[in-house]
file upload03.cif (mmCIF, C-alpha atoms)
data_input
#
loop_
_atom_site.label_atom_id
_atom_site.label_comp_id
_atom_site.auth_asym_id
_atom_site.auth_seq_id
_atom_site.Cartn_x
_atom_site.Cartn_y
_atom_site.Cartn_z
CA MET A 1 -2.39 -12.11 -12.84
CA GLY A 2 -5.99 -11.33 -11.85
CA SER A 3 -7.05 -14.96 -11.90
CA ASP A 4 -3.96 -15.89 -9.87
CA LEU A 5 -5.08 -13.48 -7.15
CA LEU A 6 -8.56 -14.94 -7.12
CA ASN A 7 -7.10 -18.36 -6.44
CA LEU A 8 -5.40 -17.22 -3.23
CA PRO A 9 -7.05 -18.17 0.05
CA LEU A 10 -9.38 -15.53 1.45
CA PRO A 11 -7.08 -14.50 4.34
CA GLN A 12 -4.25 -13.79 1.89
CA ARG A 13 -6.52 -11.81 -0.43
CA LEU A 14 -7.76 -9.75 2.52
CA GLU A 15 -4.19 -9.07 3.58
CA LEU A 16 -3.32 -7.94 0.06
CA VAL A 17 -6.34 -5.63 -0.03
CA GLN A 18 -5.38 -4.13 3.33
CA ASP A 19 -1.77 -3.64 2.23
CA LEU A 20 -2.91 -2.00 -0.99
CA TRP A 21 -5.35 0.26 0.84
CA ASP A 22 -2.67 1.25 3.38
CA SER A 23 -0.23 2.09 0.58
CA ILE A 24 -2.84 4.30 -1.11
CA ALA A 25 -3.73 6.04 2.15
CA ALA A 26 -0.06 6.69 2.93
CA GLU A 27 0.36 8.55 -0.35
CA GLN A 28 -2.70 10.73 0.05
CA GLN A 29 -2.24 14.35 0.92
CA GLY A 30 -5.06 16.78 1.12
CA PRO A 31 -5.02 20.06 -0.71
CA ALA A 32 -2.98 22.83 0.85
CA ALA A 33 -4.98 25.15 3.07
CA THR A 34 -5.60 28.60 1.68
CA LEU A 35 -4.32 31.64 3.53
CA GLN A 36 -7.90 32.37 4.62
CA GLU A 37 -8.27 28.83 6.02
CA GLN A 38 -4.92 29.09 7.82
CA ARG A 39 -6.03 32.34 9.43
CA LEU A 40 -9.33 30.81 10.50
CA VAL A 41 -7.54 27.87 12.12
CA ALA A 42 -5.16 30.24 13.90
CA GLU A 43 -8.07 32.36 15.16
CA ARG A 44 -9.95 29.31 16.45
CA LEU A 45 -6.85 27.92 18.12
CA GLU A 46 -6.22 31.24 19.86
CA ALA A 47 -9.86 31.41 20.99
CA PHE A 48 -9.56 27.87 22.38
CA ARG A 49 -6.38 28.75 24.23
CA GLN A 50 -7.95 31.83 25.76
CA ASP A 51 -11.11 29.96 26.75
CA GLY A 52 -9.21 27.12 28.36
CA HIS A 53 -12.23 24.79 28.29
CA PRO A 54 -11.11 21.43 26.87
CA GLY A 55 -14.63 20.49 25.77
CA GLU A 56 -16.65 17.46 26.76
CA ASP A 57 -15.37 13.93 27.17
CA ALA A 58 -16.22 12.05 23.97
CA LEU A 59 -17.25 8.85 25.74
CA LYS A 60 -19.54 10.80 28.05
CA VAL A 61 -21.18 12.55 25.10
CA LEU A 62 -21.67 9.25 23.26
CA GLU A 63 -23.19 7.70 26.37
CA GLU A 64 -25.59 10.62 26.75
CA LEU A 65 -26.59 10.33 23.09
CA GLU A 66 -27.23 6.61 23.41
CA GLN A 67 -29.38 7.19 26.50
CA ALA A 68 -31.38 9.82 24.64
CA LEU A 69 -32.32 7.38 21.89
#
call {"tool": "encode", "arguments": {"input": "upload03.cif", "output": "structure tokens"}}
result
Amino acid sequence: MGSDLLNLPLPQRLELVQDLWDSIAAEQQGPAATLQEQRLVAERLEAFRQDGHPGEDALKVLEELEQAL
């Protein structure tokens, strides 16, 4: 089978690789968060909600970083 795959045109092989990668990624699940991690997330979410500041625009930050280089 392996040599059969190598004989496929490059676009078809790339499509197969992408499909395989997507199927692996779809099955992946990270480890369950511990109770301590869940509490930390809840605390940070509550702090964010109380603060109300949405943060900085990502594109603006990237532009500023590029200008600083």
call {"tool": "atom_distance", "arguments": {"input": "upload03.cif", "atom1": "atom CA of His53 of chain A", "atom2": "atom CA of Arg39 of chain A"}}
result
21.2 Å
call {"tool": "atom_distance", "arguments": {"input": "upload03.cif", "atom1": "atom CA of Val41 of chain A", "atom2": "atom CA of Ala25 of chain A"}}
result
24.3 Å
call {"tool": "atom_distance", "arguments": {"input": "upload03.cif", "atom1": "atom CA of Gly52 of chain A", "atom2": "atom CA of Glu64 of chain A"}}
result
23.3 Å
call {"tool": "residues_around", "arguments": {"input": "upload03.cif", "residues": "Leu5 of chain A", "least_positions_apart": "3", "cutoff": "12 Å", "atoms": "all atoms listed in the file", "output": "PyMOL selection string"}}
result
chain A and resi 1-2+8-17
call {"tool": "axis_aligned_box", "arguments": {"input": "upload03.cif", "around": "segment 37-51 of chain A", "padding_each_side": "8 Å", "output": "JSON"}}
result
{"center_x": -8.0, "center_y": 30.1, "center_z": 16.4, "size_x": 22.2, "size_y": 20.5, "size_z": 36.7}
